[in-house]
file target.txt (compact mmCIF, C-alpha atoms)
# COMPACT_ATOMS: atom_id res chain seq x y z
CA MET A 1 0.00 0.00 0.00
CA GLY A 2 1.30 3.43 -0.89
CA SER A 3 1.51 6.52 1.26
CA PHE A 4 1.78 10.23 0.58
CA THR A 5 5.26 11.72 0.95
CA ASP A 6 5.89 14.69 3.22
CA TYR A 7 6.05 16.86 0.07
CA LEU A 8 2.51 15.92 -1.03
CA GLU A 9 1.05 16.03 2.50
CA ASN A 10 2.25 19.63 2.89
CA ALA A 11 1.00 20.60 -0.59
CA VAL A 12 -2.47 19.17 0.12
CA LEU A 13 -2.66 20.90 3.52
CA GLU A 14 -1.72 24.27 2.03
CA HIS A 15 -4.21 23.76 -0.81
CA ALA A 16 -7.01 22.78 1.59
CA MET A 17 -6.39 25.90 3.67
CA GLY A 18 -6.43 28.23 0.65
CA LYS A 19 -2.74 29.08 0.94
CA THR A 20 -1.60 27.68 -2.42
CA SER A 21 -3.17 26.10 -5.48
CA LEU A 22 -2.34 22.63 -6.73
CA THR A 23 -1.87 21.98 -10.43
CA MET A 24 -2.97 18.56 -11.62
CA PRO A 25 0.26 16.61 -12.18
CA THR A 26 1.15 14.10 -14.83
CA VAL A 27 1.92 11.01 -12.75
CA TYR A 28 4.76 8.63 -13.56
CA ILE A 29 5.11 5.29 -11.76
CA GLY A 30 8.69 4.33 -10.99
CA LEU A 31 10.44 1.38 -9.41
CA SER A 32 13.13 1.33 -6.73
CA THR A 33 15.65 -1.24 -5.56
CA THR A 34 15.88 0.50 -2.17
CA THR A 35 13.37 1.37 0.54
CA VAL A 36 11.88 4.81 -0.15
CA THR A 37 11.59 7.21 2.78
CA ASP A 38 8.57 9.29 3.83
CA ALA A 39 10.48 12.36 2.68
CA GLY A 40 10.53 10.82 -0.83
CA GLY A 41 14.22 10.05 -0.70
CA ASN A 42 16.37 6.94 -1.09
CA VAL A 43 14.89 6.10 -4.50
CA THR A 44 17.27 3.92 -6.54
CA GLU A 45 15.76 3.27 -9.96
CA PRO A 46 17.05 0.76 -12.53
CA SER A 47 19.23 2.11 -15.32
CA THR A 48 17.63 3.57 -18.44
CA ALA A 49 20.43 1.78 -20.33
CA ALA A 50 18.75 -1.47 -19.18
CA GLY A 51 15.48 -0.40 -20.84
CA TYR A 52 13.84 1.12 -17.77
CA ASP A 53 11.81 4.32 -17.62
CA ARG A 54 9.07 5.53 -15.31
CA GLU A 55 5.68 4.81 -16.86
CA VAL A 56 3.27 7.70 -17.43
CA THR A 57 -0.34 7.38 -16.30
CA SER A 58 -3.39 9.50 -16.93
CA GLY A 59 -6.51 10.14 -14.86
CA GLY A 60 -8.22 7.22 -16.60
CA ALA A 61 -5.56 4.86 -15.27
CA TRP A 62 -6.93 5.27 -11.75
CA SER A 63 -10.12 4.20 -10.00
CA VAL A 64 -12.50 6.67 -8.41
CA ALA A 65 -11.21 7.38 -4.91
CA SER A 66 -13.39 5.91 -2.18
CA GLY A 67 -12.89 5.57 1.56
CA GLY A 68 -9.51 7.29 1.32
CA TYR A 69 -8.17 4.76 -1.23
CA ILE A 70 -7.38 4.87 -4.94
CA THR A 71 -5.99 2.05 -7.09
CA ASN A 72 -4.73 1.63 -10.63
CA ALA A 73 -7.70 0.74 -12.84
CA CYS A 74 -5.64 -0.68 -15.71
CA THR A 75 -2.38 -2.51 -16.26
CA ILE A 76 0.73 -0.35 -15.99
CA PRO A 77 3.32 -2.09 -18.20
CA TYR A 78 7.06 -1.48 -18.48
CA PRO A 79 9.16 -2.28 -21.54
CA ARG A 80 10.98 -5.62 -21.61
CA ALA A 81 14.24 -5.36 -19.68
CA ASN A 82 17.24 -5.35 -22.01
CA GLY A 83 19.55 -5.40 -18.98
CA ALA A 84 19.24 -6.47 -15.35
CA TRP A 85 17.10 -4.09 -13.27
CA GLY A 86 18.00 -5.69 -9.94
CA THR A 87 15.58 -6.61 -7.17
CA ILE A 88 12.66 -4.20 -7.09
CA THR A 89 11.38 -3.58 -3.56
CA ASP A 90 9.41 -0.32 -3.80
CA PHE A 91 7.35 1.82 -6.16
CA VAL A 92 6.97 5.58 -6.45
CA ALA A 93 4.53 7.98 -8.06
CA CYS A 94 6.38 11.06 -9.33
CA ASN A 95 5.43 14.27 -11.11
CA SER A 96 8.19 14.01 -13.72
CA LEU A 97 9.66 11.41 -16.07
CA ALA A 98 13.06 12.02 -14.45
CA GLY A 99 13.81 13.81 -11.20
CA GLY A 100 10.85 15.86 -10.00
CA ASN A 101 9.03 15.18 -6.75
CA VAL A 102 8.05 11.83 -5.30
CA LEU A 103 4.34 12.20 -4.51
CA GLN A 104 3.57 8.75 -3.15
CA TYR A 105 5.52 5.60 -2.43
CA GLY A 106 5.13 2.08 -1.14
CA ALA A 107 6.73 -1.32 -0.78
CA LEU A 108 5.85 -4.19 -3.08
CA ALA A 109 3.97 -7.05 -1.44
CA ALA A 110 6.90 -9.23 -2.55
CA SER A 111 10.23 -8.12 -4.00
CA LYS A 112 10.77 -9.00 -7.65
CA THR A 113 14.10 -9.53 -9.42
CA ILE A 114 14.00 -8.29 -13.01
CA ALA A 115 16.58 -9.96 -15.27
CA VAL A 116 17.42 -9.46 -18.95
CA GLY A 117 14.36 -10.26 -21.08
CA ASP A 118 11.86 -10.07 -18.20
CA ASN A 119 8.57 -8.23 -18.43
CA CYS A 120 7.29 -6.16 -15.54
CA ALA A 121 3.79 -4.75 -15.04
CA PHE A 122 1.34 -3.78 -12.33
CA ALA A 123 -2.01 -5.56 -12.77
CA PRO A 124 -5.20 -3.55 -12.18
CA GLY A 125 -5.65 -2.97 -8.45
CA ALA A 126 -2.03 -3.83 -7.62
CA LEU A 127 -1.14 -0.27 -6.63
CA VAL A 128 -3.15 1.11 -3.73
CA PHE A 129 -2.64 4.63 -2.41
CA THR A 130 -4.32 5.81 0.75
CA LEU A 131 -4.99 9.10 2.47
CA ALA A 132 -6.16 8.64 6.04

call {"tool": "encode", "arguments": {"input": "target.txt", "output": "structure tokens"}}
result
Amino acid sequence: MGSFTDYLENAVLEHAMGKTSLTMPTVYIGLSTTTVTDAGGNVTEPSTAAGYDREVTSGGAWSVASGGYITNACTIPYPRANGAWGTITDFVACNSLAGGNVLQYGALAASKTIAVGDNCAFAPGALVFTLA
């Protein structure tokens, strides 16, 4: 299950109190071989030379939020690995294809090693983000 980072929590609080306005982001789902922190740090993504890139999503890729939860409504596929990606332990939702801010993060239910030639995808409902 994914959580909001400190960055997004503060942005939502300021928006809710009329201090600042939020612009709807383009959301990219990334993978990490290290445990991501609540501050959105410690993200170690596979190499782009190995065929990895964050995958862009649109509003239609997500369910309607209910009960403080939202999930991916469709499959989020990655290209076939043309190099080893390592053991993926965490996922991130970012507002940029590279760099940018980590908005949400979470640990995979089970780590997954991605080797040369492997496919990687999140099935519908596999990513769950919560705001409690």

call {"tool": "closest_residue", "arguments": {"input": "target.txt", "among": "A:Tyr69, A:Tyr7, A:Trp85, A:Tyr105", "to": "A:Gly51", "atoms": "all atoms listed in the file"}}
result
A:Trp85

call {"tool": "residues_around", "arguments": {"input": "target.txt", "residues": "A:Thr87", "least_positions_apart": "6", "cutoff": "7 Å", "atoms": "only C-alpha atoms", "output": "list of chain:residue names"}}
result
A:Thr33, A:Ser111, A:Lys112, A:Thr113, A:Ile114

call {"tool": "residues_around", "arguments": {"input": "target.txt", "residues": "A:Ser21", "least_positions_apart": "4", "cutoff": "10 Å", "atoms": "only C-alpha atoms", "output": "MDAnalysis selection string"}}
result
chainID A and resid 11:12 14:17

call {"tool": "closest_residue", "arguments": {"input": "target.txt", "among": "A:Asn101, A:Asp53, A:Ile88, A:Thr20", "to": "A:Ala115", "atoms": "only C-alpha atoms"}}
result
A:Ile88

call {"tool": "residues_near_point", "arguments": {"input": "target.txt", "point": "(-9.6, 2.5, -7.2)", "cutoff": "8 Å", "atoms": "all atoms listed in the file", "output": "PyMOL selection string"}}
result
chain A and resi 62-66+69-73+125+128

call {"tool": "residues_around", "arguments": {"input": "target.txt", "residues": "A:Leu131", "least_positions_apart": "6", "cutoff": "8 Å", "atoms": "only C-alpha atoms", "output": "number ranges by chain"}}
result
A: 3-4, 68-69

call {"tool": "atom_distance", "arguments": {"input": "target.txt", "atom1": "atom CA of A:Val27", "atom2": "atom CA of A:Gly99"}}
result
12.3 Å

call {"tool": "residues_around", "arguments": {"input": "target.txt", "residues": "A:Gly117", "least_positions_apart": "4", "cutoff": "7 Å", "atoms": "all atoms listed in the file", "output": "ChimeraX atom specification"}}
result
/A:80-82

call {"tool": "atom_distance", "arguments": {"input": "target.txt", "atom1": "atom CA of A:Thr57", "atom2": "atom CA of A:Pro79"}}
result
14.5 Å

call {"tool": "atom_distance", "arguments": {"input": "target.txt", "atom1": "atom CA of A:Ala121", "atom2": "atom CA of A:Thr23"}}
result
27.7 Å

call {"tool": "closest_residue", "arguments": {"input": "target.txt", "among": "A:Ala50, A:Ile29, A:Ala39, A:Ala84", "to": "A:Asp6", "atoms": "only C-alpha atoms"}}
result
A:Ala39

call {"tool": "axis_aligned_box", "arguments": {"input": "target.txt", "around": "stretch 5-22 of chain A", "padding_each_side": "6 Å", "output": "lines of an AutoDock Vina configuration file"}}
result
center_x = -0.5
center_y = 20.4
center_z = -1.5
size_x = 25.1
size_y = 29.4
size_z = 22.4

call {"tool": "closest_residue", "arguments": {"input": "target.txt", "among": "A:Val56, A:Val43, A:Val116, A:Thr75", "to": "A:Thr89", "atoms": "all atoms listed in the file"}}
result
A:Val43

call {"tool": "closest_residue", "arguments": {"input": "target.txt", "among": "A:Cys94, A:Thr35, A:Leu108, A:Pro25", "to": "A:Phe122", "atoms": "all atoms listed in the file"}}
result
A:Leu108

call {"tool": "closest_residue", "arguments": {"input": "target.txt", "among": "A:Gly18, A:Gly86, A:Gly59, A:Gly106", "to": "A:Gly30", "atoms": "all atoms listed in the file"}}
result
A:Gly106

call {"tool": "residues_around", "arguments": {"input": "target.txt", "residues": "A:Val102", "least_positions_apart": "5", "cutoff": "8 Å", "atoms": "all atoms listed in the file", "output": "list in words"}}
result
Thr5, Tyr7, Gly40, Gly41, Val92, Ala93, Cys94 and Asn95 of chain A

call {"tool": "build_atoms", "arguments": {"input": "target.txt", "residues": "stretch 74-100 of chain A", "atoms": "N, CA, C and O atoms", "output": "PDB file, in the coordinates of the input"}}
result
ATOM      1  N   CYS A  74      -6.097   0.076 -14.541  1.00  0.00           N
ATOM      2  CA  CYS A  74      -5.640  -0.680 -15.710  1.00  0.00           C
ATOM      3  C   CYS A  74      -4.216  -1.157 -15.471  1.00  0.00           C
ATOM      4  O   CYS A  74      -3.562  -0.746 -14.514  1.00  0.00           O
ATOM      5  N   THR A  75      -3.755  -2.023 -16.349  1.00  0.00           N
ATOM      6  CA  THR A  75      -2.380  -2.510 -16.260  1.00  0.00           C
ATOM      7  C   THR A  75      -1.400  -1.377 -16.544  1.00  0.00           C
ATOM      8  O   THR A  75      -1.616  -0.584 -17.446  1.00  0.00           O
ATOM      9  N   ILE A  76      -0.350  -1.311 -15.759  1.00  0.00           N
ATOM     10  CA  ILE A  76       0.730  -0.350 -15.990  1.00  0.00           C
ATOM     11  C   ILE A  76       1.950  -1.180 -16.392  1.00  0.00           C
ATOM     12  O   ILE A  76       2.622  -1.776 -15.539  1.00  0.00           O
ATOM     13  N   PRO A  77       2.213  -1.260 -17.718  1.00  0.00           N
ATOM     14  CA  PRO A  77       3.320  -2.090 -18.200  1.00  0.00           C
ATOM     15  C   PRO A  77       4.626  -1.320 -18.365  1.00  0.00           C
ATOM     16  O   PRO A  77       4.624  -0.113 -18.606  1.00  0.00           O
ATOM     17  N   TYR A  78       5.724  -2.014 -18.216  1.00  0.00           N
ATOM     18  CA  TYR A  78       7.060  -1.480 -18.480  1.00  0.00           C
ATOM     19  C   TYR A  78       7.608  -2.197 -19.702  1.00  0.00           C
ATOM     20  O   TYR A  78       7.206  -3.314 -20.008  1.00  0.00           O
ATOM     21  N   PRO A  79       8.556  -1.580 -20.405  1.00  0.00           N
ATOM     22  CA  PRO A  79       9.160  -2.280 -21.540  1.00  0.00           C
ATOM     23  C   PRO A  79       9.967  -3.489 -21.054  1.00  0.00           C
ATOM     24  O   PRO A  79      10.377  -3.544 -19.891  1.00  0.00           O
ATOM     25  N   ARG A  80      10.165  -4.441 -21.941  1.00  0.00           N
ATOM     26  CA  ARG A  80      10.980  -5.620 -21.610  1.00  0.00           C
ATOM     27  C   ARG A  80      12.383  -5.157 -21.231  1.00  0.00           C
ATOM     28  O   ARG A  80      12.970  -4.309 -21.892  1.00  0.00           O
ATOM     29  N   ALA A  81      12.904  -5.721 -20.163  1.00  0.00           N
ATOM     30  CA  ALA A  81      14.240  -5.360 -19.680  1.00  0.00           C
ATOM     31  C   ALA A  81      15.303  -5.840 -20.672  1.00  0.00           C
ATOM     32  O   ALA A  81      15.328  -7.017 -21.016  1.00  0.00           O
ATOM     33  N   ASN A  82      16.142  -4.929 -21.135  1.00  0.00           N
ATOM     34  CA  ASN A  82      17.240  -5.350 -22.010  1.00  0.00           C
ATOM     35  C   ASN A  82      18.557  -5.399 -21.227  1.00  0.00           C
ATOM     36  O   ASN A  82      19.625  -5.551 -21.790  1.00  0.00           O
ATOM     37  N   GLY A  83      18.437  -5.268 -19.920  1.00  0.00           N
ATOM     38  CA  GLY A  83      19.550  -5.400 -18.980  1.00  0.00           C
ATOM     39  C   GLY A  83      18.948  -5.710 -17.618  1.00  0.00           C
ATOM     40  O   GLY A  83      17.746  -5.566 -17.423  1.00  0.00           O
ATOM     41  N   ALA A  84      19.747  -6.153 -16.690  1.00  0.00           N
ATOM     42  CA  ALA A  84      19.240  -6.470 -15.350  1.00  0.00           C
ATOM     43  C   ALA A  84      18.798  -5.206 -14.633  1.00  0.00           C
ATOM     44  O   ALA A  84      19.512  -4.202 -14.649  1.00  0.00           O
ATOM     45  N   TRP A  85      17.615  -5.240 -14.033  1.00  0.00           N
ATOM     46  CA  TRP A  85      17.100  -4.090 -13.270  1.00  0.00           C
ATOM     47  C   TRP A  85      17.372  -4.252 -11.785  1.00  0.00           C
ATOM     48  O   TRP A  85      17.159  -3.326 -11.015  1.00  0.00           O
ATOM     49  N   GLY A  86      17.776  -5.435 -11.357  1.00  0.00           N
ATOM     50  CA  GLY A  86      18.000  -5.690  -9.940  1.00  0.00           C
ATOM     51  C   GLY A  86      16.730  -6.175  -9.264  1.00  0.00           C
ATOM     52  O   GLY A  86      15.748  -6.526  -9.919  1.00  0.00           O
ATOM     53  N   THR A  87      16.740  -6.164  -7.951  1.00  0.00           N
ATOM     54  CA  THR A  87      15.580  -6.610  -7.170  1.00  0.00           C
ATOM     55  C   THR A  87      14.755  -5.387  -6.788  1.00  0.00           C
ATOM     56  O   THR A  87      15.205  -4.530  -6.026  1.00  0.00           O
ATOM     57  N   ILE A  88      13.554  -5.322  -7.328  1.00  0.00           N
ATOM     58  CA  ILE A  88      12.660  -4.200  -7.090  1.00  0.00           C
ATOM     59  C   ILE A  88      11.938  -4.440  -5.766  1.00  0.00           C
ATOM     60  O   ILE A  88      11.327  -5.488  -5.560  1.00  0.00           O
ATOM     61  N   THR A  89      12.014  -3.459  -4.870  1.00  0.00           N
ATOM     62  CA  THR A  89      11.380  -3.580  -3.560  1.00  0.00           C
ATOM     63  C   THR A  89      10.258  -2.572  -3.348  1.00  0.00           C
ATOM     64  O   THR A  89       9.342  -2.821  -2.577  1.00  0.00           O
ATOM     65  N   ASP A  90      10.350  -1.412  -4.036  1.00  0.00           N
ATOM     66  CA  ASP A  90       9.410  -0.320  -3.800  1.00  0.00           C
ATOM     67  C   ASP A  90       8.937   0.295  -5.108  1.00  0.00           C
ATOM     68  O   ASP A  90       9.553   0.095  -6.153  1.00  0.00           O
ATOM     69  N   PHE A  91       7.856   1.058  -5.023  1.00  0.00           N
ATOM     70  CA  PHE A  91       7.350   1.820  -6.160  1.00  0.00           C
ATOM     71  C   PHE A  91       7.150   3.264  -5.726  1.00  0.00           C
ATOM     72  O   PHE A  91       7.004   3.547  -4.538  1.00  0.00           O
ATOM     73  N   VAL A  92       7.182   4.165  -6.713  1.00  0.00           N
ATOM     74  CA  VAL A  92       6.970   5.580  -6.450  1.00  0.00           C
ATOM     75  C   VAL A  92       6.053   6.169  -7.506  1.00  0.00           C
ATOM     76  O   VAL A  92       6.005   5.697  -8.637  1.00  0.00           O
ATOM     77  N   ALA A  93       5.302   7.176  -7.123  1.00  0.00           N
ATOM     78  CA  ALA A  93       4.530   7.980  -8.060  1.00  0.00           C
ATOM     79  C   ALA A  93       5.179   9.358  -8.049  1.00  0.00           C
ATOM     80  O   ALA A  93       5.308   9.980  -6.991  1.00  0.00           O
ATOM     81  N   CYS A  94       5.633   9.810  -9.211  1.00  0.00           N
ATOM     82  CA  CYS A  94       6.380  11.060  -9.330  1.00  0.00           C
ATOM     83  C   CYS A  94       5.681  12.005 -10.285  1.00  0.00           C
ATOM     84  O   CYS A  94       4.864  11.585 -11.102  1.00  0.00           O
ATOM     85  N   ASN A  95       6.041  13.280 -10.221  1.00  0.00           N
ATOM     86  CA  ASN A  95       5.430  14.270 -11.110  1.00  0.00           C
ATOM     87  C   ASN A  95       6.321  14.631 -12.283  1.00  0.00           C
ATOM     88  O   ASN A  95       6.132  15.659 -12.924  1.00  0.00           O
ATOM     89  N   SER A  96       7.288  13.770 -12.598  1.00  0.00           N
ATOM     90  CA  SER A  96       8.190  14.010 -13.720  1.00  0.00           C
ATOM     91  C   SER A  96       8.749  12.685 -14.211  1.00  0.00           C
ATOM     92  O   SER A  96       8.888  11.739 -13.424  1.00  0.00           O
ATOM     93  N   LEU A  97       9.067  12.623 -15.505  1.00  0.00           N
ATOM     94  CA  LEU A  97       9.660  11.410 -16.070  1.00  0.00           C
ATOM     95  C   LEU A  97      11.019  11.124 -15.441  1.00  0.00           C
ATOM     96  O   LEU A  97      11.399   9.984 -15.233  1.00  0.00           O
ATOM     97  N   ALA A  98      11.767  12.170 -15.121  1.00  0.00           N
ATOM     98  CA  ALA A  98      13.060  12.020 -14.450  1.00  0.00           C
ATOM     99  C   ALA A  98      13.159  13.129 -13.403  1.00  0.00           C
ATOM    100  O   ALA A  98      12.702  14.246 -13.630  1.00  0.00           O
ATOM    101  N   GLY A  99      13.711  12.815 -12.264  1.00  0.00           N
ATOM    102  CA  GLY A  99      13.810  13.810 -11.200  1.00  0.00           C
ATOM    103  C   GLY A  99      12.423  14.150 -10.678  1.00  0.00           C
ATOM    104  O   GLY A  99      11.599  13.279 -10.468  1.00  0.00           O
ATOM    105  N   GLY A 100      12.157  15.433 -10.494  1.00  0.00           N
ATOM    106  CA  GLY A 100      10.850  15.860 -10.000  1.00  0.00           C
ATOM    107  C   GLY A 100      10.656  15.513  -8.543  1.00  0.00           C
ATOM    108  O   GLY A 100      11.603  15.257  -7.803  1.00  0.00           O
TER     109      GLY A 100
END
